[in-house]
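Colleague: Structure file protein_6.pdb (PDB, C-alpha atoms and all ligand atoms) right here:
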MODEL        1
ATOM      1  CA  MET W   1       6.664  18.454  28.569  1.00  0.00           C
ATOM      2  CA  ALA W   2       9.835  18.376  26.470  1.00  0.00           C
ATOM      3  CA  GLY W   3      10.419  22.074  25.741  1.00  0.00           C
ATOM      4  CA  ASP W   4       8.566  25.071  24.370  1.00  0.00           C
ATOM      5  CA  PRO W   5       6.642  23.824  21.304  1.00  0.00           C
ATOM      6  CA  GLU W   6       6.489  27.225  19.610  1.00  0.00           C
ATOM      7  CA  ARG W   7      10.228  27.760  19.919  1.00  0.00           C
ATOM      8  CA  ARG W   8      10.966  24.260  18.661  1.00  0.00           C
ATOM      9  CA  ALA W   9       8.528  24.656  15.770  1.00  0.00           C
ATOM     10  CA  LEU W  10      10.430  27.678  14.523  1.00  0.00           C
ATOM     11  CA  SER W  11      13.853  26.118  14.837  1.00  0.00           C
ATOM     12  CA  THR W  12      15.799  25.629  11.632  1.00  0.00           C
ATOM     13  CA  GLU W  13      17.416  22.673  13.395  1.00  0.00           C
ATOM     14  CA  SER W  14      14.147  20.956  12.544  1.00  0.00           C
ATOM     15  CA  ASP W  15      14.868  21.259   8.828  1.00  0.00           C
ATOM     16  CA  ILE W  16      16.043  18.479   6.534  1.00  0.00           C
ATOM     17  CA  HIS W  17      16.971  19.599   3.031  1.00  0.00           C
ATOM     18  CA  HIS W  18      16.149  17.426   0.021  1.00  0.00           C
ATOM     19  CA  PRO W  19      14.986  20.005  -2.540  1.00  0.00           C
ATOM     20  CA  LEU W  20      15.304  17.805  -5.653  1.00  0.00           C
ATOM     21  CA  PHE W  21      13.597  14.839  -4.045  1.00  0.00           C
ATOM     22  CA  ALA W  22      10.940  17.166  -2.609  1.00  0.00           C
ATOM     23  CA  ARG W  23      10.003  18.633  -5.990  1.00  0.00           C
ATOM     24  CA  TRP W  24       9.954  15.221  -7.642  1.00  0.00           C
ATOM     25  CA  TYR W  25       7.954  13.640  -4.824  1.00  0.00           C
ATOM     26  CA  ALA W  26       5.379  16.414  -4.682  1.00  0.00           C
ATOM     27  CA  ARG W  27       4.730  15.914  -8.392  1.00  0.00           C
ATOM     28  CA  VAL W  28       4.422  12.120  -8.450  1.00  0.00           C
ATOM     29  CA  ILE W  29       2.607  11.603  -5.173  1.00  0.00           C
ATOM     30  CA  ALA W  30      -0.273  13.939  -5.939  1.00  0.00           C
ATOM     31  CA  ARG W  31      -1.771  11.644  -8.593  1.00  0.00           C
ATOM     32  CA  ALA W  32      -0.678   8.375  -7.021  1.00  0.00           C
ATOM     33  CA  ALA W  33      -2.256   9.280  -3.681  1.00  0.00           C
ATOM     34  CA  GLU W  34      -5.517  10.338  -5.262  1.00  0.00           C
ATOM     35  CA  ARG W  35      -6.153   6.911  -6.760  1.00  0.00           C
ATOM     36  CA  ASP W  36      -4.719   4.923  -3.845  1.00  0.00           C
ATOM     37  CA  GLN W  37      -7.673   3.305  -2.082  1.00  0.00           C
ATOM     38  CA  ASN W  38      -5.421   1.821   0.598  1.00  0.00           C
ATOM     39  CA  ARG W  39      -4.302   5.257   1.647  1.00  0.00           C
ATOM     40  CA  ALA W  40      -7.955   6.305   1.837  1.00  0.00           C
ATOM     41  CA  ARG W  41      -8.554   3.596   4.465  1.00  0.00           C
ATOM     42  CA  LEU W  42      -6.218   5.382   6.889  1.00  0.00           C
ATOM     43  CA  PHE W  43      -8.776   8.145   7.393  1.00  0.00           C
ATOM     44  CA  ARG W  44     -11.937   6.135   8.095  1.00  0.00           C
ATOM     45  CA  ASP W  45     -11.873   6.262  11.868  1.00  0.00           C
ATOM     46  CA  LEU W  46     -10.153   9.385  13.178  1.00  0.00           C
ATOM     47  CA  HIS W  47     -11.290  11.731  15.930  1.00  0.00           C
ATOM     48  CA  GLY W  48     -10.171  14.750  17.919  1.00  0.00           C
ATOM     49  CA  THR W  49      -6.678  16.184  17.615  1.00  0.00           C
ATOM     50  CA  VAL W  50      -4.513  14.341  15.113  1.00  0.00           C
ATOM     51  CA  LEU W  51      -0.771  14.465  14.543  1.00  0.00           C
ATOM     52  CA  GLU W  52       0.287  13.772  10.972  1.00  0.00           C
ATOM     53  CA  LEU W  53       3.939  12.810  11.016  1.00  0.00           C
ATOM     54  CA  GLY W  54       6.096  13.835   8.022  1.00  0.00           C
ATOM     55  CA  CYS W  55       3.136  15.115   6.036  1.00  0.00           C
ATOM     56  CA  GLY W  56       5.183  15.819   2.900  1.00  0.00           C
ATOM     57  CA  PRO W  57       3.307  18.081   0.464  1.00  0.00           C
ATOM     58  CA  GLY W  58       0.008  17.481   2.264  1.00  0.00           C
ATOM     59  CA  VAL W  59      -1.614  14.953  -0.080  1.00  0.00           C
ATOM     60  CA  ASN W  60      -3.569  13.475   2.833  1.00  0.00           C
ATOM     61  CA  PHE W  61      -5.101  16.741   3.963  1.00  0.00           C
ATOM     62  CA  SER W  62      -8.254  16.575   1.826  1.00  0.00           C
ATOM     63  CA  ARG W  63      -9.105  13.181   3.376  1.00  0.00           C
ATOM     64  CA  TYR W  64      -9.591  14.221   7.004  1.00  0.00           C
ATOM     65  CA  PRO W  65     -13.175  13.638   8.183  1.00  0.00           C
ATOM     66  CA  GLN W  66     -15.274  16.149  10.108  1.00  0.00           C
ATOM     67  CA  SER W  67     -14.844  14.056  13.275  1.00  0.00           C
ATOM     68  CA  VAL W  68     -11.301  15.492  13.436  1.00  0.00           C
ATOM     69  CA  SER W  69     -11.176  18.814  15.297  1.00  0.00           C
ATOM     70  CA  GLU W  70      -7.611  19.757  14.394  1.00  0.00           C
ATOM     71  CA  VAL W  71      -4.558  18.337  12.646  1.00  0.00           C
ATOM     72  CA  VAL W  72      -0.989  19.247  13.558  1.00  0.00           C
ATOM     73  CA  ALA W  73       1.092  18.254  10.546  1.00  0.00           C
ATOM     74  CA  VAL W  74       4.838  18.078  11.134  1.00  0.00           C
ATOM     75  CA  GLU W  75       7.198  18.307   8.178  1.00  0.00           C
ATOM     76  CA  PRO W  76      10.954  18.966   8.370  1.00  0.00           C
ATOM     77  CA  GLU W  77      11.702  19.512   4.670  1.00  0.00           C
ATOM     78  CA  PRO W  78      11.136  23.186   3.743  1.00  0.00           C
ATOM     79  CA  THR W  79      10.049  22.666   0.101  1.00  0.00           C
ATOM     80  CA  LEU W  80       7.527  20.024   1.130  1.00  0.00           C
ATOM     81  CA  ARG W  81       6.418  22.079   4.117  1.00  0.00           C
ATOM     82  CA  GLU W  82       5.662  25.042   1.895  1.00  0.00           C
ATOM     83  CA  ARG W  83       3.459  22.817  -0.326  1.00  0.00           C
ATOM     84  CA  ALA W  84       1.763  21.450   2.769  1.00  0.00           C
ATOM     85  CA  GLU W  85       1.044  24.966   4.037  1.00  0.00           C
ATOM     86  CA  ARG W  86      -0.687  25.688   0.728  1.00  0.00           C
ATOM     87  CA  ALA W  87      -2.649  22.422   0.840  1.00  0.00           C
ATOM     88  CA  ALA W  88      -3.782  23.203   4.393  1.00  0.00           C
ATOM     89  CA  THR W  89      -5.636  26.309   3.236  1.00  0.00           C
ATOM     90  CA  SER W  90      -8.213  24.216   1.357  1.00  0.00           C
ATOM     91  CA  ALA W  91      -8.461  21.293   3.800  1.00  0.00           C
ATOM     92  CA  PRO W  92     -11.888  20.349   5.227  1.00  0.00           C
ATOM     93  CA  VAL W  93     -10.621  20.628   8.840  1.00  0.00           C
ATOM     94  CA  PRO W  94      -8.185  23.071  10.510  1.00  0.00           C
ATOM     95  CA  ILE W  95      -4.573  22.047   9.845  1.00  0.00           C
ATOM     96  CA  GLN W  96      -1.467  23.642  11.352  1.00  0.00           C
ATOM     97  CA  VAL W  97       1.735  22.794   9.531  1.00  0.00           C
ATOM     98  CA  ARG W  98       4.840  22.928  11.735  1.00  0.00           C
ATOM     99  CA  ALA W  99       8.543  22.321  11.275  1.00  0.00           C
ATOM    100  CA  GLY W 100       9.811  19.463  13.396  1.00  0.00           C
ATOM    101  CA  LEU W 101      11.458  16.080  13.497  1.00  0.00           C
ATOM    102  CA  ALA W 102       9.866  12.763  14.361  1.00  0.00           C
ATOM    103  CA  ASP W 103      12.190  12.313  17.306  1.00  0.00           C
ATOM    104  CA  HIS W 104      11.758  15.910  18.501  1.00  0.00           C
ATOM    105  CA  LEU W 105       8.123  16.836  17.970  1.00  0.00           C
ATOM    106  CA  PRO W 106       6.853  20.379  18.584  1.00  0.00           C
ATOM    107  CA  LEU W 107       4.022  19.107  20.761  1.00  0.00           C
ATOM    108  CA  ASP W 108       3.237  18.726  24.475  1.00  0.00           C
ATOM    109  CA  ASP W 109       3.073  15.385  26.264  1.00  0.00           C
ATOM    110  CA  ALA W 110      -0.212  13.467  25.774  1.00  0.00           C
ATOM    111  CA  SER W 111      -1.605  16.274  23.616  1.00  0.00           C
ATOM    112  CA  VAL W 112      -2.952  14.306  20.620  1.00  0.00           C
ATOM    113  CA  ASP W 113      -5.673  11.672  20.308  1.00  0.00           C
ATOM    114  CA  GLU W 114      -4.449  10.007  17.134  1.00  0.00           C
ATOM    115  CA  ALA W 115      -1.392   9.928  14.900  1.00  0.00           C
ATOM    116  CA  VAL W 116      -1.108   9.215  11.189  1.00  0.00           C
ATOM    117  CA  SER W 117       2.086   7.994   9.573  1.00  0.00           C
ATOM    118  CA  SER W 118       2.071   7.356   5.826  1.00  0.00           C
ATOM    119  CA  LEU W 119       5.405   6.430   4.249  1.00  0.00           C
ATOM    120  CA  VAL W 120       7.424   8.182   6.956  1.00  0.00           C
ATOM    121  CA  LEU W 121       8.912   5.526   9.248  1.00  0.00           C
ATOM    122  CA  CYS W 122      11.014   4.408   6.262  1.00  0.00           C
ATOM    123  CA  SER W 123      12.755   7.805   6.279  1.00  0.00           C
ATOM    124  CA  VAL W 124      13.349   8.717   9.917  1.00  0.00           C
ATOM    125  CA  PRO W 125      16.948   8.170  11.076  1.00  0.00           C
ATOM    126  CA  ASP W 126      15.929   5.993  14.030  1.00  0.00           C
ATOM    127  CA  GLN W 127      12.544   4.282  14.242  1.00  0.00           C
ATOM    128  CA  ASP W 128      12.845   3.523  17.957  1.00  0.00           C
ATOM    129  CA  SER W 129      13.384   7.133  18.970  1.00  0.00           C
ATOM    130  CA  ALA W 130      10.673   8.368  16.570  1.00  0.00           C
ATOM    131  CA  LEU W 131       8.181   5.895  18.047  1.00  0.00           C
ATOM    132  CA  ALA W 132       9.203   6.755  21.613  1.00  0.00           C
ATOM    133  CA  GLU W 133       8.516  10.416  20.805  1.00  0.00           C
ATOM    134  CA  LEU W 134       5.168   9.462  19.299  1.00  0.00           C
ATOM    135  CA  ARG W 135       4.322   7.712  22.565  1.00  0.00           C
ATOM    136  CA  ARG W 136       5.177  10.894  24.449  1.00  0.00           C
ATOM    137  CA  VAL W 137       2.745  13.080  22.498  1.00  0.00           C
ATOM    138  CA  LEU W 138      -0.120  10.567  22.206  1.00  0.00           C
ATOM    139  CA  ARG W 139      -2.557  10.378  25.098  1.00  0.00           C
ATOM    140  CA  PRO W 140      -2.900   6.959  26.789  1.00  0.00           C
ATOM    141  CA  GLY W 141      -5.303   4.942  24.643  1.00  0.00           C
ATOM    142  CA  GLY W 142      -4.344   7.060  21.628  1.00  0.00           C
ATOM    143  CA  ARG W 143      -3.914   5.332  18.283  1.00  0.00           C
ATOM    144  CA  LEU W 144      -1.327   5.257  15.542  1.00  0.00           C
ATOM    145  CA  HIS W 145      -2.721   4.745  12.023  1.00  0.00           C
ATOM    146  CA  PHE W 146       0.036   3.565   9.723  1.00  0.00           C
ATOM    147  CA  TYR W 147       0.587   2.954   6.043  1.00  0.00           C
ATOM    148  CA  GLU W 148       4.230   2.097   5.469  1.00  0.00           C
ATOM    149  CA  HIS W 149       6.350   0.129   3.054  1.00  0.00           C
ATOM    150  CA  VAL W 150       8.344  -2.574   4.782  1.00  0.00           C
ATOM    151  CA  VAL W 151      10.903  -5.321   4.480  1.00  0.00           C
ATOM    152  CA  ALA W 152      10.027  -8.113   2.036  1.00  0.00           C
ATOM    153  CA  HIS W 153       9.168 -11.586   3.275  1.00  0.00           C
ATOM    154  CA  ASN W 154      11.074 -13.425   0.578  1.00  0.00           C
ATOM    155  CA  ARG W 155      14.833 -13.781   0.436  1.00  0.00           C
ATOM    156  CA  VAL W 156      15.329 -12.264  -3.022  1.00  0.00           C
ATOM    157  CA  GLY W 157      13.204  -9.233  -2.159  1.00  0.00           C
ATOM    158  CA  ARG W 158      15.082  -8.714   1.092  1.00  0.00           C
ATOM    159  CA  ALA W 159      18.450  -9.024  -0.644  1.00  0.00           C
ATOM    160  CA  PHE W 160      17.444  -6.395  -3.223  1.00  0.00           C
ATOM    161  CA  GLN W 161      16.200  -4.081  -0.485  1.00  0.00           C
ATOM    162  CA  ALA W 162      19.360  -4.474   1.618  1.00  0.00           C
ATOM    163  CA  ALA W 163      21.575  -3.797  -1.401  1.00  0.00           C
ATOM    164  CA  ALA W 164      19.538  -0.743  -2.391  1.00  0.00           C
ATOM    165  CA  ASP W 165      19.601   0.599   1.191  1.00  0.00           C
ATOM    166  CA  ALA W 166      23.370   0.245   1.310  1.00  0.00           C
ATOM    167  CA  THR W 167      23.910   2.070  -1.980  1.00  0.00           C
ATOM    168  CA  PHE W 168      21.716   4.445  -3.966  1.00  0.00           C
ATOM    169  CA  TRP W 169      18.241   4.277  -2.420  1.00  0.00           C
ATOM    170  CA  PRO W 170      18.390   6.522   0.661  1.00  0.00           C
ATOM    171  CA  ARG W 171      20.378   9.284  -1.010  1.00  0.00           C
ATOM    172  CA  THR W 172      18.121   9.243  -4.073  1.00  0.00           C
ATOM    173  CA  PHE W 173      14.807   9.105  -2.212  1.00  0.00           C
ATOM    174  CA  GLY W 174      15.135  11.493   0.703  1.00  0.00           C
ATOM    175  CA  ASP W 175      16.648   9.054   3.266  1.00  0.00           C
ATOM    176  CA  CYS W 176      14.054   6.359   2.561  1.00  0.00           C
ATOM    177  CA  HIS W 177      15.001   2.763   3.510  1.00  0.00           C
ATOM    178  CA  LEU W 178      13.384  -0.338   2.092  1.00  0.00           C
ATOM    179  CA  ALA W 179      14.413  -3.133   4.436  1.00  0.00           C
ATOM    180  CA  ARG W 180      12.781  -1.961   7.648  1.00  0.00           C
ATOM    181  CA  ASP W 181      10.668  -4.139   9.922  1.00  0.00           C
ATOM    182  CA  THR W 182       8.330  -1.299  10.813  1.00  0.00           C
ATOM    183  CA  LEU W 183       5.641  -3.489  12.342  1.00  0.00           C
ATOM    184  CA  GLY W 184       8.237  -4.973  14.698  1.00  0.00           C
ATOM    185  CA  ALA W 185       9.415  -1.478  15.638  1.00  0.00           C
ATOM    186  CA  ILE W 186       5.858  -0.359  16.436  1.00  0.00           C
ATOM    187  CA  GLU W 187       5.355  -3.383  18.695  1.00  0.00           C
ATOM    188  CA  ARG W 188       8.778  -2.941  20.300  1.00  0.00           C
ATOM    189  CA  ALA W 189       7.831   0.660  21.157  1.00  0.00           C
ATOM    190  CA  GLY W 190       5.001  -0.673  23.335  1.00  0.00           C
ATOM    191  CA  PHE W 191       2.040  -0.191  21.004  1.00  0.00           C
ATOM    192  CA  ARG W 192      -0.521  -2.982  20.693  1.00  0.00           C
ATOM    193  CA  ILE W 193      -1.349  -3.782  17.077  1.00  0.00           C
ATOM    194  CA  GLU W 194      -5.150  -3.667  16.752  1.00  0.00           C
ATOM    195  CA  HIS W 195      -5.152  -4.837  13.166  1.00  0.00           C
ATOM    196  CA  TYR W 196      -3.052  -4.687  10.046  1.00  0.00           C
ATOM    197  CA  THR W 197      -3.010  -5.922   6.463  1.00  0.00           C
ATOM    198  CA  ARG W 198       0.023  -6.704   4.394  1.00  0.00           C
ATOM    199  CA  LEU W 199      -0.329  -5.359   0.872  1.00  0.00           C
ATOM    200  CA  ARG W 200       1.525  -5.950  -2.313  1.00  0.00           C
ATOM    201  CA  LEU W 201       0.924  -2.861  -4.411  1.00  0.00           C
ATOM    202  CA  VAL W 202       1.254  -2.815  -8.138  1.00  0.00           C
ATOM    203  CA  ASP W 203      -0.206   0.585  -8.795  1.00  0.00           C
ATOM    204  CA  ALA W 204       0.919   2.807  -5.970  1.00  0.00           C
ATOM    205  CA  GLU W 205       3.913   4.760  -4.796  1.00  0.00           C
ATOM    206  CA  PHE W 206       6.475   1.956  -4.603  1.00  0.00           C
ATOM    207  CA  PRO W 207       6.596  -1.618  -5.926  1.00  0.00           C
ATOM    208  CA  HIS W 208       7.240  -2.964  -2.426  1.00  0.00           C
ATOM    209  CA  PRO W 209       5.223  -4.656   0.289  1.00  0.00           C
ATOM    210  CA  HIS W 210       3.246  -2.282   2.462  1.00  0.00           C
ATOM    211  CA  ILE W 211       1.456  -2.581   5.773  1.00  0.00           C
ATOM    212  CA  LEU W 212      -1.736  -0.735   6.575  1.00  0.00           C
ATOM    213  CA  GLY W 213      -3.138  -0.845  10.075  1.00  0.00           C
ATOM    214  CA  ARG W 214      -3.720   0.596  13.497  1.00  0.00           C
ATOM    215  CA  ALA W 215      -1.889   0.332  16.817  1.00  0.00           C
ATOM    216  CA  VAL W 216      -2.998   1.563  20.226  1.00  0.00           C
ATOM    217  CA  LEU W 217      -1.049   2.927  23.149  1.00  0.00           C
ATOM    218  CA  PRO W 218      -2.035   0.984  26.281  1.00  0.00           C
ATOM    219  CA  VAL W 219      -3.802   3.018  28.972  1.00  0.00           C
TER     220      VAL W 219
HETATM  221  C1  LIG W 301       8.032   9.472   1.284  1.00  0.00           C
HETATM  222  S1  LIG W 301       7.669  10.983   2.044  1.00  0.00           S
HETATM  223  C2  LIG W 301       5.980  10.738   2.599  1.00  0.00           C
HETATM  224  C3  LIG W 301       5.200  12.029   2.712  1.00  0.00           C
HETATM  225  C4  LIG W 301       3.729  11.870   3.106  1.00  0.00           C
HETATM  226  N1  LIG W 301       3.583  11.369   4.445  1.00  0.00           N
HETATM  227  C5  LIG W 301       3.017  10.979   2.142  1.00  0.00           C
HETATM  228  O1  LIG W 301       2.309  10.055   2.583  1.00  0.00           O
HETATM  229  O2  LIG W 301       3.103  11.214   0.940  1.00  0.00           O
HETATM  230  C6  LIG W 301       8.580  10.879   3.563  1.00  0.00           C
HETATM  231  C7  LIG W 301       8.346  12.083   4.427  1.00  0.00           C
HETATM  232  O3  LIG W 301       9.002  11.908   5.691  1.00  0.00           O
HETATM  233  C8  LIG W 301       9.599  13.143   6.027  1.00  0.00           C
HETATM  234  N2  LIG W 301      10.696  12.913   6.966  1.00  0.00           N
HETATM  235  C9  LIG W 301      11.952  12.516   6.704  1.00  0.00           C
HETATM  236  N3  LIG W 301      12.690  12.463   7.817  1.00  0.00           N
HETATM  237  C10 LIG W 301      11.865  12.846   8.829  1.00  0.00           C
HETATM  238  C11 LIG W 301      12.033  13.015  10.228  1.00  0.00           C
HETATM  239  N4  LIG W 301      13.202  12.776  10.819  1.00  0.00           N
HETATM  240  N5  LIG W 301      10.975  13.442  10.935  1.00  0.00           N
HETATM  241  C12 LIG W 301       9.785  13.684  10.350  1.00  0.00           C
HETATM  242  N6  LIG W 301       9.564  13.535   9.035  1.00  0.00           N
HETATM  243  C13 LIG W 301      10.593  13.122   8.283  1.00  0.00           C
HETATM  244  C14 LIG W 301      10.080  13.677   4.690  1.00  0.00           C
HETATM  245  O4  LIG W 301      10.441  15.029   4.738  1.00  0.00           O
HETATM  246  C15 LIG W 301       8.891  13.365   3.817  1.00  0.00           C
HETATM  247  O5  LIG W 301       7.907  14.346   3.889  1.00  0.00           O
ENDMDL
END
Give the structure from the file, written as structure tokens.
Ligand SMILES: C[S@@+](CC[C@H](N)C(=O)[O-])C[C@H]1O[C@@H](n2cnc3c(N)ncnc32)[C@H](O)[C@@H]1O

Modeller:
Amino acid sequence: MAGDPERRALSTESDIHHPLFARWYARVIARAAERDQNRARLFRDLHGTVLELGCGPGVNFSRYPQSVSEVVAVEPEPTLRERAERAATSAPVPIQVRAGLADHLPLDDASVDEAVSSLVLCSVPDQDSALAELRRVLRPGGRLHFYEHVVAHNRVGRAFQAAADATFWPRTFGDCHLARDTLGAIERAGFRIEHYTRLRLVDAEFPHPHILGRAVLPV
């Protein structure tokens, strides 16, 4: 166990402040998420205790199926966390919203059955340490369900992403990075990819390639 979860949950060290981005994001994502059928696919096969990493304003909360007994939703940005707390009150399953960082989660070792990450691994400061922490809190055999935007396959796309990452993109969009090989990071962390699809979205959150899939932690 890596520390007292209650104490860590209350720590303001777990806060990231992006109030302008947070207000903008909460507004645009609500409608985009509602009509995003790819996002809906994340929630088809979830059971037991679920960690939702970087839950933002809680747009996923209404999608959790009854097979989920509890969701612990971790969100470090106070404006987004407050929205998530409100969204949790009308969710179909019990949801606890906690402050926390991906690489310092307010959870015990092997305490969750599944984890959900939608558009979060683009924003964490270090994917390797976030995924190592995810491994700590997932039980052996636990699964990570991911929906993330990722580095482009083509040279022009990659060049645009690298230039944007080096200049305006992260500071405009809450530390988001475009040119990340998130699938590679998940595999490098020791997860086995069960399946994934590469998507090119024209009518969703970002005009960038996304991956949607599931990875399992070996027993
Ligand atoms: C683009 S938003 C996605 C929010 C939500 N998951 C969704 O699907 O709409 C990125 C989220 O990652 C969160 N985030 C940023 N850095 C983080 C970190 N180090 N640990 C956990 N979450 C983080 C942000 O606060 C924000 O809620």

Colleague: How would you report the residues lying within 7 Å of ligand LIG 301 (chain W), as a ChimeraX atom specification, if you count only C-alpha atoms and all ligand atoms?

Modeller: /W:16,29,53-60,74-77,80,100-103,117-120,123-125,174-176

Colleague: Could you tell me which of W:Ala185, W:Thr49, W:Val116, W:Ser62 comes closest to W:Ala33 if we count only C-alpha atoms?

Modeller: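 So, comparing all the options, the nearest one is W:Ser62.
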
Colleague: Taking all atoms of stretch 59-67 of chain W that the file lists and extending 8 Å past them on each side, where is the centre of the axis-aligned box and how long are its edges? Answer in Å to one decimal, as JSON.

Modeller:
{"center_x": -8.4, "center_y": 15.0, "center_z": 6.6, "size_x": 29.7, "size_y": 19.6, "size_z": 29.4}

Colleague: So how many Å separate atom CA of W:Ala88 and atom CA of W:Tyr64, to one decimal?

Modeller: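 Going from atom CA of W:Ala88 over to atom CA of W:Tyr64, I get 11.0 Å.
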
Colleague: I'd like the residues picked by the PyMOL selection byres (((chain W and resi 145) around 9) and not hetatm) written out as an MDAnalysis selection string, using the chain letters and numbers from the file.

Modeller: chainID W and resid 42:43 46 114:118 143:144 146:147 212:216

Colleague: Taking the file above as input, evaluate the PyMOL selection byres (((chain W and resi 191) around 6) and not hetatm) and report the hits as a PDB file with C-alpha atoms, in the coordinates of the input.

Modeller:
ATOM      1  CA  ILE W 186       5.858  -0.359  16.436  1.00  0.00           C
ATOM      2  CA  GLU W 187       5.355  -3.383  18.695  1.00  0.00           C
ATOM      3  CA  ALA W 189       7.831   0.660  21.157  1.00  0.00           C
ATOM      4  CA  GLY W 190       5.001  -0.673  23.335  1.00  0.00           C
ATOM      5  CA  ARG W 192      -0.521  -2.982  20.693  1.00  0.00           C
ATOM      6  CA  ALA W 215      -1.889   0.332  16.817  1.00  0.00           C
ATOM      7  CA  VAL W 216      -2.998   1.563  20.226  1.00  0.00           C
ATOM      8  CA  LEU W 217      -1.049   2.927  23.149  1.00  0.00           C
TER       9      LEU W 217
END

Colleague: Rounded to one decimal in Å, what is the spacing between atom CA of W:Arg136 and atom CA of W:Ala91?

Modeller: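 For atom CA of W:Arg136 relative to atom CA of W:Ala91, the distance reads 26.8 Å.
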
Colleague: Work out how far apart atom CA of W:Leu178 and atom CA of W:Ala163 are and give it in Å to one decimal.

Modeller: 9.6 Å

Colleague: Find the residues around W:Ala110 up to 9 Å (all atoms listed in the file counted), leave out those fewer than 5 positions away in its own chain, and share them as JSON, numbers by chain.

Modeller: {"W": [1, 135, 136, 137, 138, 139, 140, 142]}

Colleague: If the PyMOL selection byres (((chain W and resi 68) around 9) and not hetatm) is run on the structure shown, which residues does it catch, given as a ChimeraX atom specification?

Modeller: /W:46-50,64-67,69-71,93-94

Colleague: For each of W:His104, W:His153, W:Arg171, W:Pro78, take the minimum atom-to-atom distance to W:Ala130, counting only C-alpha atoms, then give the residue where this is smallest.

Modeller: W:His104

Colleague: Calculated over all atoms listed in the file, which of the candidates W:Asp15, W:Arg31, W:Ala22, W:Arg63 has the smallest distance to W:Thr172?

Modeller: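 Of all the options, W:Ala22 lies closest to W:Thr172.
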
Colleague: My list of candidates is W:Pro106, W:Arg180, W:Val151, W:Phe168. Which is closest to W:Asp126 when distances are computed with only C-alpha atoms?

Modeller: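 Smallest distance to W:Asp126 is found for W:Arg180.
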